[in-house]
Structures are given as C-alpha cells and as structure tokens.
Amino acid sequence: MKKFFLILLLLILIVVIALVVICALNPQKVANYAVEKSMAMAKTAVIENLPQGVSADSAAMIMDEMTAKIKAGEVSQSELQYLANTIQQVFSDNELDSTEAVQLLDKIKEITEPVAPEQPEQPVVQ
C-alpha cells in the first residue's frame, strides 16, 4: 500500500513539474487562454445587462471579434493585459450593470478597431 501512494505521489509531482515548465515556456499562450475564458464569461454577462439602446447582436459580434483576434494571436501582450484589467475591474463587485457593460464594450472596441494612421497636415498653398 505504501508503494502505491509513493508512486501516486511521484506521478502527481511529475505532472505538476510538467505544468510549471509548460507555463514558463509559453506565458503568451497561457495569457491568451485565460483571457479567452474570461471573454466567454464576460460575453454572457454583457449581453444579459445591456441598456435599451444597444443591440445584443452587435455586442455579441464585438465580443466574438475580440475572441477571434485573441485566438489568432493578433492582440499584443499589453492589450491583453489592458483587457484583463478591464474585465477584472468591471467584475470587481461580482455584478455587472448596464453602464459597466457599455464600458467593457467600448474598451473592447478600442482594441479591435484598427487605428487610422495620422495624416500629415497639408501646408496651406496661397
């Protein structure tokens, strides 16, 4: 019986070490996975708590677009951190109201929409 528990303990230790190594070698993938799962939870909560003027379809489309960009690796580490902090801030009181839902959607739009390059000012010709 002692041998069984010793082998079981050894197997558990090997699995834990393997997980630590995987997480240490792939921090971006771990962060992407965590934010993806948070986005799924946030999508449900946002759709349930939208104000009158916002369509559930457009909100779902915005959230799906963000999730797709995360899966494709098109989101930078700083943007992922910004998104994770926003989700954490919005859900800090364990409730999501309509203003927080709109706030989260606006920040996601900010990340997903491409930034238009600034055009240099044209000199005034007289």
# chains A, B, ... in the order shown; residues from 1 in each chain; ligands from 1
>>> residues_around(residues="segment 39-44 of chain A", least_positions_apart="4", cutoff="10 Å", atoms="only C-alpha atoms", output="number ranges by chain")
A: 33-35, 48-49, 56, 59-64, 66-67, 70, 83-84, 87, 90-91, 96, 101, 104-105
>>> select_by_dssp(residues="chain A", states="helix (DSSP H, G or I)", output="MDAnalysis selection string")
chainID A and resid 2:25 27:48 56:72 77:90 98:112
